[in-house]
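Data from input-v9.cif: mmCIF, C-alpha atoms
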data_entry
loop_
_atom_site.label_atom_id
_atom_site.label_comp_id
_atom_site.auth_asym_id
_atom_site.auth_seq_id
_atom_site.Cartn_x
_atom_site.Cartn_y
_atom_site.Cartn_z
CA MET A 1170 17.35 -27.71 -29.21
CA PHE A 1171 17.55 -23.93 -28.84
CA ASP A 1172 18.12 -23.43 -32.56
CA LEU A 1173 15.10 -25.60 -33.35
CA LEU A 1174 12.65 -24.26 -30.77
CA ALA A 1175 13.61 -20.62 -30.25
CA ARG A 1176 13.10 -17.37 -32.09
CA SER A 1177 15.89 -14.94 -31.18
CA TRP A 1178 16.70 -11.28 -31.71
CA ALA A 1179 19.80 -9.16 -31.08
CA LEU A 1180 18.96 -5.94 -29.22
CA PRO A 1181 21.34 -2.97 -28.79
CA SER A 1182 21.58 -3.25 -24.98
CA SER A 1183 21.10 -5.61 -22.06
CA VAL A 1184 17.64 -6.98 -21.27
CA GLU A 1185 16.88 -6.17 -17.63
CA ALA A 1186 13.29 -7.45 -17.27
CA LEU A 1187 10.52 -9.03 -19.32
CA HIS A 1188 6.77 -9.63 -19.17
CA PHE A 1189 4.10 -11.43 -21.18
CA SER A 1190 0.91 -9.58 -22.05
CA THR A 1191 -2.29 -10.73 -20.32
CA ASP A 1192 -3.61 -12.32 -23.51
CA SER A 1193 -0.22 -13.98 -24.19
CA SER A 1194 -0.03 -12.29 -27.57
CA ALA A 1195 3.39 -10.74 -27.01
CA ALA A 1196 6.43 -10.54 -24.75
CA ALA A 1197 7.95 -7.21 -23.75
CA PHE A 1198 11.70 -6.91 -23.04
CA ALA A 1199 12.85 -3.87 -21.01
CA CYS A 1200 16.28 -2.82 -22.24
CA ALA A 1201 19.05 -0.91 -20.50
CA ASN A 1202 19.04 1.78 -23.20
CA GLY A 1203 15.55 2.88 -22.15
CA THR A 1204 13.55 1.13 -24.87
CA ILE A 1205 11.08 -1.77 -24.82
CA ALA A 1206 11.29 -4.52 -27.44
CA LEU A 1207 8.02 -6.29 -28.26
CA ALA A 1208 7.93 -9.77 -29.75
CA SER A 1209 4.76 -11.40 -31.04
CA LEU A 1210 4.03 -14.93 -29.83
CA SER A 1211 2.30 -15.69 -33.13
CA ASP A 1212 4.59 -18.11 -34.94
CA PRO A 1213 4.05 -19.05 -38.60
CA GLU A 1214 6.23 -22.14 -38.06
CA PRO A 1215 5.38 -23.49 -34.58
CA PRO A 1216 7.28 -26.58 -33.41
CA GLU A 1217 4.22 -28.83 -33.85
CA SER A 1218 4.18 -28.07 -37.58
CA ARG A 1219 7.82 -29.13 -37.89
CA VAL A 1220 7.69 -32.36 -35.87
CA ARG A 1221 7.89 -35.63 -37.81
CA VAL A 1222 7.53 -39.20 -36.52
CA SER A 1223 9.14 -41.87 -38.74
CA ALA A 1224 6.74 -44.65 -39.71
CA ASP A 1225 9.29 -47.44 -39.39
CA LEU A 1226 11.07 -46.61 -36.11
CA GLY A 1227 8.64 -44.21 -34.52
CA GLN A 1228 11.51 -41.74 -34.03
CA THR A 1229 10.50 -38.12 -33.46
CA THR A 1230 12.48 -35.35 -35.17
CA ILE A 1231 11.95 -31.65 -35.73
CA ARG A 1232 13.10 -29.85 -38.84
CA PRO A 1233 14.68 -26.36 -38.79
CA ARG A 1234 12.70 -23.26 -39.67
CA GLU A 1235 12.51 -22.43 -43.35
CA LYS A 1236 11.57 -18.75 -43.05
CA PRO A 1237 13.38 -15.91 -41.27
CA THR A 1238 12.01 -14.82 -37.90
CA ALA A 1239 9.85 -11.68 -37.98
CA PRO A 1240 11.64 -8.70 -36.34
CA VAL A 1241 10.70 -7.31 -32.95
CA ILE A 1242 9.14 -3.87 -32.53
CA VAL A 1243 11.31 -1.45 -30.53
CA THR A 1244 9.74 1.59 -28.88
CA GLU A 1245 11.21 5.06 -28.59
CA ARG A 1246 13.58 5.64 -25.69
CA LEU A 1247 11.53 6.23 -22.55
CA CYS A 1248 14.12 6.84 -19.84
CA ASP A 1249 17.70 6.39 -18.65
CA GLY A 1250 18.14 2.70 -17.91
CA ALA A 1251 15.59 -0.07 -18.36
CA PRO A 1252 11.99 1.19 -18.08
CA LEU A 1253 9.96 -0.10 -15.15
CA MET A 1254 7.05 -2.10 -16.56
CA ALA A 1255 3.79 -3.64 -15.41
CA VAL A 1256 1.27 -5.77 -17.31
CA SER A 1257 -1.93 -3.80 -17.91
CA GLY A 1258 -4.82 -4.57 -20.28
CA LYS A 1259 -5.14 -7.67 -22.42
CA SER A 1260 -2.60 -6.52 -24.97
CA GLU A 1261 -0.74 -3.63 -23.37
CA PHE A 1262 1.71 -2.66 -20.68
CA LEU A 1263 2.38 0.32 -18.42
CA ALA A 1264 5.88 1.80 -18.30
CA GLY A 1265 7.65 4.61 -16.52
CA ALA A 1266 9.19 7.49 -18.45
CA SER A 1267 12.09 9.71 -17.36
CA ASP A 1268 9.89 12.79 -16.84
CA GLY A 1269 7.63 11.05 -14.29
CA ARG A 1270 4.93 9.97 -16.75
CA ILE A 1271 3.32 6.56 -16.74
CA VAL A 1272 2.70 5.62 -20.36
CA ARG A 1273 0.64 2.91 -22.00
CA VAL A 1274 2.52 0.64 -24.44
CA THR A 1275 0.60 -1.63 -26.80
CA VAL A 1276 1.97 -4.92 -28.13
CA THR A 1277 2.38 -3.20 -31.50
CA GLY A 1278 4.58 -0.47 -30.02
CA GLU A 1279 2.19 2.48 -29.79
CA ILE A 1280 2.79 4.73 -26.78
CA SER A 1281 0.20 6.98 -25.19
CA ASN A 1282 0.07 8.97 -21.98
CA THR A 1283 -1.99 8.06 -18.96
CA GLN A 1284 -3.08 10.67 -16.45
CA ILE A 1285 -0.56 9.38 -13.93
CA ARG A 1286 2.47 11.61 -13.55
CA LEU A 1287 4.92 12.15 -10.71
CA ASP A 1288 7.14 15.15 -10.09
CA GLY A 1289 10.28 13.00 -9.90
CA ALA A 1290 11.74 9.79 -11.25
CA ILE A 1291 9.63 6.64 -10.99
CA MET A 1292 11.24 4.15 -8.63
CA ALA A 1293 8.54 1.47 -8.35
CA LEU A 1294 5.47 0.46 -10.37
CA ASP A 1295 2.83 -2.29 -10.43
CA HIS A 1296 -0.69 -2.78 -11.72
CA ALA A 1297 -3.61 -4.92 -10.50
CA ARG A 1298 -5.61 -5.83 -13.58
CA GLY A 1299 -8.61 -7.25 -11.74
CA GLN A 1300 -9.06 -4.14 -9.61
CA GLY A 1301 -7.97 -1.64 -12.25
CA LEU A 1302 -5.47 -0.08 -9.84
CA THR A 1303 -1.97 1.17 -10.50
CA ALA A 1304 0.57 1.72 -7.72
CA VAL A 1305 3.52 4.00 -8.37
CA SER A 1306 6.24 5.54 -6.21
CA ASP A 1307 8.95 8.16 -6.51
CA GLY A 1308 10.85 6.40 -3.71
CA ALA A 1309 9.17 8.32 -0.89
CA GLU A 1310 5.43 8.46 -1.60
CA VAL A 1311 3.17 5.66 -2.87
CA LEU A 1312 0.22 6.69 -5.03
CA LEU A 1313 -2.79 4.61 -6.10
CA ALA A 1314 -4.55 5.42 -9.35
CA ASN A 1315 -7.67 3.91 -10.92
CA ALA A 1316 -7.96 2.53 -14.44
CA PRO A 1317 -8.66 5.87 -16.19
CA GLY A 1318 -5.48 7.19 -14.57
CA GLY A 1319 -6.76 9.55 -11.94
CA ILE A 1320 -4.92 9.61 -8.63
CA VAL A 1321 -7.15 7.94 -6.04
CA ARG A 1322 -5.12 8.48 -2.90
CA SER A 1323 -1.66 8.55 -1.41
CA LEU A 1324 -0.63 5.95 1.15
CA ALA A 1325 1.14 7.07 4.32
CA ARG A 1326 4.81 7.82 3.84
CA HIS A 1327 7.19 5.00 4.68
CA GLY A 1328 10.47 5.02 6.53
CA GLY A 1329 13.32 4.32 4.12
CA ASP A 1330 13.24 4.54 0.34
CA VAL A 1331 10.52 2.58 -1.47
CA ALA A 1332 12.36 0.02 -3.59
CA ALA A 1333 9.50 -2.05 -5.04
CA LEU A 1334 5.73 -2.50 -5.12
CA GLY A 1335 3.74 -5.66 -5.66
CA PHE A 1336 0.00 -6.34 -5.80
CA SER A 1337 -1.30 -9.70 -4.59
CA PRO A 1338 -2.81 -11.92 -7.33
CA SER A 1339 -6.31 -10.75 -6.37
CA GLY A 1340 -5.26 -7.10 -6.34
CA ARG A 1341 -6.77 -6.70 -2.87
CA GLN A 1342 -3.42 -6.28 -1.13
CA LEU A 1343 -0.32 -4.25 -1.92
CA ALA A 1344 3.19 -4.98 -0.67
CA VAL A 1345 5.50 -1.98 -0.29
CA CYS A 1346 9.24 -2.68 0.04
CA HIS A 1347 10.94 0.09 2.01
CA GLY A 1348 14.04 0.12 4.17
CA ASN A 1349 14.41 -3.33 5.75
CA GLU A 1350 10.65 -3.95 5.74
CA ILE A 1351 7.66 -4.91 3.64
CA SER A 1352 4.39 -3.21 4.52
CA ILE A 1353 1.20 -5.05 3.54
CA TRP A 1354 -1.79 -2.82 2.76
CA THR A 1355 -5.35 -4.07 2.35
CA LEU A 1356 -7.22 -2.25 -0.41
CA VAL A 1357 -10.79 -3.37 0.26
CA GLY A 1358 -12.57 -0.11 1.03
CA GLU A 1359 -10.27 2.51 2.53
CA PRO A 1360 -6.60 1.36 2.30
CA ALA A 1361 -5.31 0.18 5.66
CA LEU A 1362 -1.93 -1.00 6.86
CA ALA A 1363 -2.44 -4.67 7.80
CA ARG A 1364 1.04 -5.84 8.68
CA THR A 1365 4.72 -4.89 8.59
CA ILE A 1366 7.33 -7.61 8.09
CA SER A 1367 11.01 -7.03 8.86
CA PHE A 1368 14.05 -8.62 7.22
CA PRO A 1369 17.77 -8.44 8.06
CA GLN A 1370 18.45 -6.62 4.77
CA PRO A 1371 16.41 -4.42 2.42
CA PRO A 1372 14.03 -6.37 0.14
CA ALA A 1373 14.69 -5.56 -3.51
CA ALA A 1374 11.46 -7.00 -4.99
CA VAL A 1375 8.38 -8.89 -3.90
CA ARG A 1376 6.80 -12.06 -5.31
CA TRP A 1377 3.41 -13.27 -4.07
CA SER A 1378 2.43 -16.93 -4.09
CA ALA A 1379 -0.64 -17.77 -6.18
CA ASP A 1380 -2.81 -18.21 -3.07
CA SER A 1381 -1.59 -14.89 -1.59
CA GLU A 1382 -0.53 -16.72 1.59
CA TRP A 1383 3.22 -16.15 1.14
CA ILE A 1384 5.59 -13.51 -0.14
CA ALA A 1385 9.24 -13.94 -1.11
CA CYS A 1386 11.83 -11.30 -1.89
CA PRO A 1387 15.45 -11.14 -3.03
CA LEU A 1388 17.43 -9.17 -0.46
CA ALA A 1389 19.56 -6.27 -1.62
CA SER A 1390 22.82 -7.52 -0.13
CA GLY A 1391 22.30 -11.22 -0.86
CA GLY A 1392 20.04 -14.14 -0.04
CA PHE A 1393 16.26 -14.03 0.02
CA GLY A 1394 13.47 -13.56 2.52
CA VAL A 1395 10.15 -15.35 2.83
CA ALA A 1396 7.14 -14.54 5.00
CA ARG A 1397 3.75 -16.05 5.83
CA LEU A 1398 1.01 -13.45 5.69
CA ALA A 1399 -1.33 -15.13 8.18
CA ASP A 1400 0.93 -14.58 11.19
CA GLY A 1401 3.76 -12.43 9.81
CA LYS A 1402 6.43 -15.04 10.52
CA ALA A 1403 9.47 -14.43 8.33
CA GLY A 1404 12.81 -16.03 7.60
CA ALA A 1405 15.88 -15.34 5.51
CA VAL A 1406 18.27 -17.67 3.69
CA SER A 1407 21.61 -15.98 3.17
CA ASP A 1408 24.12 -18.76 2.49
CA PHE A 1409 24.42 -18.23 -1.28
CA PRO A 1410 27.64 -18.03 -3.31
CA ALA A 1411 26.23 -15.15 -5.36
CA LYS A 1412 23.51 -12.52 -5.12
CA VAL A 1413 19.94 -13.84 -5.38
CA ARG A 1414 18.55 -11.82 -8.26
CA THR A 1415 15.27 -13.69 -8.75
CA VAL A 1416 12.84 -15.86 -6.81
CA SER A 1417 9.81 -17.64 -8.23
CA TRP A 1418 6.93 -19.80 -7.00
CA SER A 1419 5.88 -23.22 -8.26
CA GLU A 1420 2.25 -23.79 -7.35
CA ARG A 1421 2.22 -27.37 -8.66
CA ALA A 1422 5.30 -28.34 -6.64
CA ASP A 1423 4.29 -26.19 -3.64
CA ALA A 1424 7.82 -24.83 -3.71
CA LEU A 1425 9.90 -21.68 -3.92
CA VAL A 1426 12.89 -21.51 -6.28
CA ALA A 1427 15.76 -19.04 -6.22
CA SER A 1428 18.82 -18.06 -8.23
CA GLY A 1429 22.26 -17.37 -6.74
CA ALA A 1430 23.57 -20.94 -6.36
CA PHE A 1431 25.46 -23.36 -8.59
CA ARG A 1432 22.23 -25.26 -9.24
CA ILE A 1433 18.50 -24.53 -8.97
CA ALA A 1434 17.82 -23.76 -5.30
CA ALA A 1435 14.36 -24.91 -4.18
CA TRP A 1436 12.42 -25.16 -0.92
CA SER A 1437 9.25 -27.08 -0.12
CA MET A 1438 6.63 -24.87 1.47
CA LYS A 1439 5.61 -27.83 3.61
CA LEU A 1440 8.85 -27.05 5.50
CA PRO A 1441 9.32 -23.35 4.72
CA PRO A 1442 12.64 -21.67 5.60
CA LEU A 1443 11.27 -19.73 8.57
CA GLU A 1444 13.26 -18.98 11.74
CA GLY A 1445 16.39 -20.73 10.49
CA GLU A 1446 14.57 -23.83 9.23
CA THR A 1447 16.34 -25.34 6.20
CA ARG A 1448 15.09 -28.94 6.15
CA GLY A 1449 12.72 -28.11 3.32
CA ALA A 1450 15.48 -27.67 0.75
CA ILE A 1451 14.75 -29.74 -2.38
CA VAL A 1452 17.65 -31.02 -4.48
CA THR A 1453 16.85 -29.94 -8.03
CA GLY A 1454 18.94 -30.18 -11.19
CA ARG A 1455 22.65 -30.78 -11.42
CA PRO A 1456 25.37 -28.87 -9.57
CA GLY A 1457 27.96 -27.09 -11.69
CA LEU A 1458 30.63 -24.40 -11.66
CA VAL A 1459 28.49 -21.52 -12.97
CA VAL A 1460 25.97 -19.49 -10.98
CA VAL A 1461 22.26 -19.50 -11.74
CA GLU A 1462 21.26 -15.89 -12.52
CA ALA A 1463 17.51 -16.25 -13.16
CA VAL A 1464 14.76 -18.75 -12.37
CA ALA A 1465 11.12 -19.15 -13.39
CA GLY A 1466 8.58 -21.63 -12.03
CA HIS A 1467 6.26 -23.15 -14.63
CA PRO A 1468 2.62 -22.00 -14.27
CA THR A 1469 1.00 -25.44 -14.60
CA ARG A 1470 3.69 -28.10 -14.08
CA PRO A 1471 6.11 -28.86 -11.19
CA ILE A 1472 9.13 -27.72 -13.18
CA ALA A 1473 11.41 -24.68 -13.22
CA ALA A 1474 13.62 -23.03 -15.80
CA ALA A 1475 17.03 -21.66 -14.89
CA GLY A 1476 19.40 -19.34 -16.74
CA PHE A 1477 23.11 -19.25 -15.92
CA ALA A 1478 25.90 -16.67 -16.06
CA ASN A 1479 27.43 -18.50 -19.04
CA GLY A 1480 24.18 -18.31 -21.01
CA GLN A 1481 23.08 -21.88 -20.39
CA ILE A 1482 19.34 -22.46 -19.99
CA VAL A 1483 17.90 -25.64 -18.47
CA VAL A 1484 14.51 -26.95 -17.41
CA ALA A 1485 14.21 -29.36 -14.49
CA GLN A 1486 11.45 -31.04 -12.52
CA ILE A 1487 11.54 -29.70 -8.99
CA GLY A 1488 12.95 -32.39 -6.70
CA GLU A 1489 14.66 -34.31 -9.53
CA ARG A 1490 18.31 -34.21 -10.59
CA ASP A 1491 17.77 -34.65 -14.33
CA GLU A 1492 17.79 -31.53 -16.50
CA LEU A 1493 16.68 -30.74 -20.02
CA LEU A 1494 19.42 -28.66 -21.65
CA VAL A 1495 17.67 -25.98 -23.70
CA ARG A 1496 20.66 -23.77 -24.55
CA PRO A 1497 24.30 -24.67 -23.86
CA SER A 1498 25.88 -21.19 -23.82
CA GLY A 1499 25.55 -17.52 -24.75
CA GLY A 1500 25.23 -14.18 -23.02
CA ALA A 1501 24.57 -14.20 -19.27
CA VAL A 1502 20.85 -14.74 -18.64
CA THR A 1503 19.29 -11.72 -16.94
CA ALA A 1504 15.57 -12.52 -17.14
CA LEU A 1505 13.30 -15.55 -17.58
CA ALA A 1506 9.51 -15.92 -17.66
CA TRP A 1507 6.89 -18.44 -18.77
CA SER A 1508 3.74 -17.51 -20.66
CA ALA A 1509 0.49 -18.16 -18.79
CA ASP A 1510 -0.16 -21.41 -20.66
CA GLY A 1511 3.41 -22.62 -20.11
CA ARG A 1512 4.12 -23.16 -23.81
CA HIS A 1513 6.59 -20.30 -24.20
CA LEU A 1514 9.72 -19.45 -22.20
CA ALA A 1515 11.08 -15.93 -22.74
CA ALA A 1516 14.72 -15.17 -21.99
CA GLY A 1517 16.80 -12.01 -21.95
CA THR A 1518 20.56 -11.72 -21.72
CA ALA A 1519 23.23 -9.22 -20.71
CA ASP A 1520 24.53 -8.92 -24.28
CA GLY A 1521 21.16 -7.85 -25.66
CA GLY A 1522 19.74 -11.23 -26.59
CA ALA A 1523 15.96 -11.71 -26.53
CA SER A 1524 14.43 -15.12 -27.15
CA LEU A 1525 11.08 -16.88 -27.22
CA ILE A 1526 11.43 -20.64 -26.78
CA THR A 1527 8.26 -22.53 -27.75
CA PHE A 1528 7.99 -26.10 -26.51
CA PRO A 1529 5.93 -28.72 -28.39
CA ALA A 1530 2.88 -29.89 -26.45
CA GLN A 1531 4.35 -33.41 -26.04
CA MET A 1532 7.63 -32.09 -24.56
CA PHE A 1533 6.52 -32.17 -20.91
CA LYS A 1534 4.12 -35.13 -20.91
#

Written as C-alpha cells, that's how I'd like the structure from this file.
Amino acid sequence: MFDLLARSWALPSSVEALHFSTDSSAAAFACANGTIALASLSDPEPPESRVRVSADLGQTTIRPREKPTAPVIVTERLCDGAPLMAVSGKSEFLAGASDGRIVRVTVTGEISNTQIRLDGAIMALDHARGQGLTAVSDGAEVLLANAPGGIVRSLARHGGDVAALGFSPSGRQLAVCHGNEISIWTLVGEPALARTISFPQPPAAVRWSADSEWIACPLASGGFGVARLADGKAGAVSDFPAKVRTVSWSERADALVASGAFRIAAWSMKLPPLEGETRGAIVTGRPGLVVVEAVAGHPTRPIAAAGFANGQIVVAQIGERDELLVRPSGGAVTALAWSADGRHLAAGTADGGASLITFPAQMFK
C-alpha cells in the first residue's frame, strides 16, 4: 500500500518535526542538519486517477505510478539541529535561525527576515494565524510580536526554563511550558496570567483540544499530562514502557491518543485521566512488540495514525482493534501529521525519510 499511495524522499538527516501549510499546498519537514525540506501536495498522479474497478467482478485495484516523484525543495541551513517551526500565512512558515532571527519560509523555499530577533538561541516558537501574533522565547523571556514583526510586549518572566509555547486554536490564549508548570495567559486586551497548572514532571510540549477546553503535554521524563482549563484540574499518566514523545486529539472520537506504548494508547474524554482516573482508556489497534513513537488524530474522522520504532505505520479507528497497515517497516517514525482535509498523512523518520501518503476518497468510507 505504501508504495502505491506514498511519495517519498531521502533527506540527509533525521526528520524531527513536520507541519502542513495553512492552505494545504505543502508539507515542511524540519531536519536535524538545520534545513527544512518542502514537499508540494500537488500530485500529477493522485490515487483516484490510478484506481480501476473491474467490470466483471467489481474488484478495485490501483496501478503504480508511471512518472518519477518531483523532488523536494531544501532550504539553506538555518541553525544547529532541527529548526523550530510554526505555521504562518496561507503558504508560508516561520522558523528560528541560529543567530536569534525568526525568518519567513515560503512553500517554494524562499527565506526572508522578519523583524523578530532575540539576543540568544530560540528555544520555543508558535504563531496564532487568526490573531496575527507570534510568541517566541529564549528560554527565559517570552515575547509577543504582531504580524508585521514588531515586538508588542514581553510577558512576565517565568520560574524555570521555558521549554515550549502553544497558542489555543482561537489564538486568544497562550500556554507557556516552564519548569514543572504550564502558565495560561489570556491575550484579549492586555495579556494576563489566567491560570497555572502543575505537573509531576516538566511538560515538553503543549497540545490544545479543538474546543480549547483541554490541554495535553508529553512529560520530559516520561508519560503525559492532561488538564481541564475550566477548573485547572490536572492528571498524569506515567505507566508507559517508553517515553511519550507525542500526544494528539481526536475531536470526532472525543479522545486523546498518545505514543509510548506497544499499541495506540487512547483515552475517552468522557472519563478523562484526572486525579488517577484510568477507566477511560480505549483499546485501540493491535498490541505488538515494538513501541509506538508518533501518533496523529485524524481531523475529521474518529481514527488515528501511529508510527512505530521499526518504521511501521498503521491507521486504526479509535476504540477498534482492527488496523490498516500502511507501511510494514523502515526507519523509526519520528513525526506524523494529517493535512487539514484528512486526505494526506505526512511522515518523517530517523533515517531521513520524508513521505506524503495520499489516501483515495473511498478509503475511509

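Closest approach to Glu1444 in chain A among A:Val1413, A:Leu1493, A:Ala1405, A:Val1357 is made by A:Ala1405 (distances from only C-alpha atoms).
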
Subject >> Ref. answer, residues at most 12 Å from (19.9, -13.9, -16.2) with only C-alpha atoms, as a ChimeraX atom specification >> reply: /A:1183-1187,1412-1416,1427-1429,1459-1465,1474-1482,1499-1506,1515-1523

Restricting the output to C-alpha atoms, write the selected residues as a PDB file, keeping the file's coordinate frame.
ATOM      1  CA  SER A1183      21.100  -5.610 -22.060  1.00  0.00           C
ATOM      2  CA  VAL A1184      17.640  -6.980 -21.270  1.00  0.00           C
ATOM      3  CA  GLU A1185      16.880  -6.170 -17.630  1.00  0.00           C
ATOM      4  CA  ALA A1186      13.290  -7.450 -17.270  1.00  0.00           C
ATOM      5  CA  LEU A1187      10.520  -9.030 -19.320  1.00  0.00           C
ATOM      6  CA  LYS A1412      23.510 -12.520  -5.120  1.00  0.00           C
ATOM      7  CA  VAL A1413      19.940 -13.840  -5.380  1.00  0.00           C
ATOM      8  CA  ARG A1414      18.550 -11.820  -8.260  1.00  0.00           C
ATOM      9  CA  THR A1415      15.270 -13.690  -8.750  1.00  0.00           C
ATOM     10  CA  VAL A1416      12.840 -15.860  -6.810  1.00  0.00           C
ATOM     11  CA  ALA A1427      15.760 -19.040  -6.220  1.00  0.00           C
ATOM     12  CA  SER A1428      18.820 -18.060  -8.230  1.00  0.00           C
ATOM     13  CA  GLY A1429      22.260 -17.370  -6.740  1.00  0.00           C
ATOM     14  CA  VAL A1459      28.490 -21.520 -12.970  1.00  0.00           C
ATOM     15  CA  VAL A1460      25.970 -19.490 -10.980  1.00  0.00           C
ATOM     16  CA  VAL A1461      22.260 -19.500 -11.740  1.00  0.00           C
ATOM     17  CA  GLU A1462      21.260 -15.890 -12.520  1.00  0.00           C
ATOM     18  CA  ALA A1463      17.510 -16.250 -13.160  1.00  0.00           C
ATOM     19  CA  VAL A1464      14.760 -18.750 -12.370  1.00  0.00           C
ATOM     20  CA  ALA A1465      11.120 -19.150 -13.390  1.00  0.00           C
ATOM     21  CA  ALA A1474      13.620 -23.030 -15.800  1.00  0.00           C
ATOM     22  CA  ALA A1475      17.030 -21.660 -14.890  1.00  0.00           C
ATOM     23  CA  GLY A1476      19.400 -19.340 -16.740  1.00  0.00           C
ATOM     24  CA  PHE A1477      23.110 -19.250 -15.920  1.00  0.00           C
ATOM     25  CA  ALA A1478      25.900 -16.670 -16.060  1.00  0.00           C
ATOM     26  CA  ASN A1479      27.430 -18.500 -19.040  1.00  0.00           C
ATOM     27  CA  GLY A1480      24.180 -18.310 -21.010  1.00  0.00           C
ATOM     28  CA  GLN A1481      23.080 -21.880 -20.390  1.00  0.00           C
ATOM     29  CA  ILE A1482      19.340 -22.460 -19.990  1.00  0.00           C
ATOM     30  CA  GLY A1499      25.550 -17.520 -24.750  1.00  0.00           C
ATOM     31  CA  GLY A1500      25.230 -14.180 -23.020  1.00  0.00           C
ATOM     32  CA  ALA A1501      24.570 -14.200 -19.270  1.00  0.00           C
ATOM     33  CA  VAL A1502      20.850 -14.740 -18.640  1.00  0.00           C
ATOM     34  CA  THR A1503      19.290 -11.720 -16.940  1.00  0.00           C
ATOM     35  CA  ALA A1504      15.570 -12.520 -17.140  1.00  0.00           C
ATOM     36  CA  LEU A1505      13.300 -15.550 -17.580  1.00  0.00           C
ATOM     37  CA  ALA A1506       9.510 -15.920 -17.660  1.00  0.00           C
ATOM     38  CA  ALA A1515      11.080 -15.930 -22.740  1.00  0.00           C
ATOM     39  CA  ALA A1516      14.720 -15.170 -21.990  1.00  0.00           C
ATOM     40  CA  GLY A1517      16.800 -12.010 -21.950  1.00  0.00           C
ATOM     41  CA  THR A1518      20.560 -11.720 -21.720  1.00  0.00           C
ATOM     42  CA  ALA A1519      23.230  -9.220 -20.710  1.00  0.00           C
ATOM     43  CA  ASP A1520      24.530  -8.920 -24.280  1.00  0.00           C
ATOM     44  CA  GLY A1521      21.160  -7.850 -25.660  1.00  0.00           C
ATOM     45  CA  GLY A1522      19.740 -11.230 -26.590  1.00  0.00           C
ATOM     46  CA  ALA A1523      15.960 -11.710 -26.530  1.00  0.00           C
TER      47      ALA A1523
END

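Relative to CA of Ala1379 in chain A, CA of Pro1338 in chain A is found at 6.3 Å.
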
**OP:** Determine the residue set returned by the PyMOL selection byres ((chain A and resi 1306) around 9) for the present structure, and present it as a PyMOL selection string.
**Re:** chain A and resi 1287+1290-1294+1304-1305+1307-1312+1331-1334

**OP:** List the residues selected by the PyMOL selection byres ((chain A and resi 1362) around 12) in the file shown, writing them as a PyMOL selection string.
**Re:** chain A and resi 1324-1327+1342-1345+1351-1357+1359-1361+1363-1366

Original post:
Of the candidates A:Ser1437, A:Thr1204, A:Thr1527, A:Ser1390, which one gets nearest to Glu1217 in chain A if we count only C-alpha atoms?
Top reply: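 Under the stated criterion, the closest residue is A:Thr1527.
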
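A distance cut-off of 7 Å around (11.3, -25.2, -38.6), counting only C-alpha atoms, selects these protein and nucleic acid residues: Leu1173, Glu1214, Pro1216, Arg1219, Arg1232, Pro1233, Arg1234 and Glu1235 of chain A.
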
Could you write out that same residue set with C-alpha atoms as a JSON list (two decimals), in the frame of the given file?
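Writing done, so here's result_24.json:
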[["chain", "number", "residue", "atom", "x", "y", "z"],
["A", 1173, "LEU", "CA", 15.10, -25.60, -33.35],
["A", 1214, "GLU", "CA", 6.23, -22.14, -38.06],
["A", 1216, "PRO", "CA", 7.28, -26.58, -33.41],
["A", 1219, "ARG", "CA", 7.82, -29.13, -37.89],
["A", 1232, "ARG", "CA", 13.10, -29.85, -38.84],
["A", 1233, "PRO", "CA", 14.68, -26.36, -38.79],
["A", 1234, "ARG", "CA", 12.70, -23.26, -39.67],
["A", 1235, "GLU", "CA", 12.51, -22.43, -43.35]]

**OP:** For CA of Gly1335 in chain A and CA of Phe1431 in chain A, determine how far apart the two atoms are, in Å to one decimal place.
**Re:**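 Rounded to one decimal, the two atoms are 28.2 Å apart.
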
Original post:
Hey, can you check how far CA of Arg1286 in chain A sits from CA of Ser1260 in chain A?
Top reply: 22.0 Å

**OP:** Evaluate the PyMOL selection byres ((chain A and resi 1240) around 12) here and jot the selected residues down as a list in words.
**Re:**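 Applying the expression gives Arg1176, Ser1177, Trp1178, Ala1179, Leu1180, Ala1206, Leu1207, Ala1208, Ser1209, Leu1210, Asp1212, Pro1237, Thr1238, Ala1239, Val1241, Ile1242, Val1243, Thr1277, Ala1523 and Ser1524 of chain A.
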
Leaving out Thr1275 in chain A and any residue of its chain fewer than 4 positions from it, which residues lie within 10 Å of it when counting only C-alpha atoms, given as an mmCIF file with C-alpha atoms, in the coordinates of the input?
data_model
loop_
_atom_site.group_PDB
_atom_site.id
_atom_site.type_symbol
_atom_site.label_atom_id
_atom_site.label_comp_id
_atom_site.auth_asym_id
_atom_site.auth_seq_id
_atom_site.Cartn_x
_atom_site.Cartn_y
_atom_site.Cartn_z
ATOM 1 C CA SER A 1190 0.910 -9.580 -22.050
ATOM 2 C CA ALA A 1195 3.390 -10.740 -27.010
ATOM 3 C CA ALA A 1197 7.950 -7.210 -23.750
ATOM 4 C CA LEU A 1207 8.020 -6.290 -28.260
ATOM 5 C CA THR A 1244 9.740 1.590 -28.880
ATOM 6 C CA SER A 1257 -1.930 -3.800 -17.910
ATOM 7 C CA GLY A 1258 -4.820 -4.570 -20.280
ATOM 8 C CA LYS A 1259 -5.140 -7.670 -22.420
ATOM 9 C CA SER A 1260 -2.600 -6.520 -24.970
ATOM 10 C CA GLU A 1261 -0.740 -3.630 -23.370
ATOM 11 C CA PHE A 1262 1.710 -2.660 -20.680
ATOM 12 C CA LEU A 1263 2.380 0.320 -18.420
ATOM 13 C CA GLU A 1279 2.190 2.480 -29.790
ATOM 14 C CA ILE A 1280 2.790 4.730 -26.780
ATOM 15 C CA SER A 1281 0.200 6.980 -25.190
#

Original post:
Using all atoms listed in the file, which of A:Ala1199, A:Cys1386, A:Leu1302, A:Val1321 sits nearest Ala1264 in chain A?
Top reply: A:Ala1199

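Here the question is which of A:Ala1450, A:Ala1373, A:Ala1411, A:Leu1514 gets nearest to Pro1529 in chain A using all atoms listed in the file, and that residue is A:Leu1514.
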
For range 1392-1396 of chain A, list every protein, DNA or RNA residue within 7 Å, evaluated using only C-alpha atoms, and leave out those in the same chain fewer than 5 positions away; present the list as a short mmCIF file (atom, residue, chain, number, x, y, z; two decimals) with C-alpha atoms, keeping the file's coordinate frame.
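Result saved to selection.cif:
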data_model
loop_
_atom_site.label_atom_id
_atom_site.label_comp_id
_atom_site.auth_asym_id
_atom_site.auth_seq_id
_atom_site.Cartn_x
_atom_site.Cartn_y
_atom_site.Cartn_z
CA PHE A 1368 14.05 -8.62 7.22
CA TRP A 1383 3.22 -16.15 1.14
CA ILE A 1384 5.59 -13.51 -0.14
CA ALA A 1385 9.24 -13.94 -1.11
CA CYS A 1386 11.83 -11.30 -1.89
CA PRO A 1387 15.45 -11.14 -3.03
CA GLY A 1401 3.76 -12.43 9.81
CA LYS A 1402 6.43 -15.04 10.52
CA ALA A 1403 9.47 -14.43 8.33
CA GLY A 1404 12.81 -16.03 7.60
CA ALA A 1405 15.88 -15.34 5.51
CA VAL A 1406 18.27 -17.67 3.69
CA SER A 1407 21.61 -15.98 3.17
CA ASP A 1408 24.12 -18.76 2.49
CA PHE A 1409 24.42 -18.23 -1.28
CA LYS A 1412 23.51 -12.52 -5.12
CA VAL A 1413 19.94 -13.84 -5.38
#
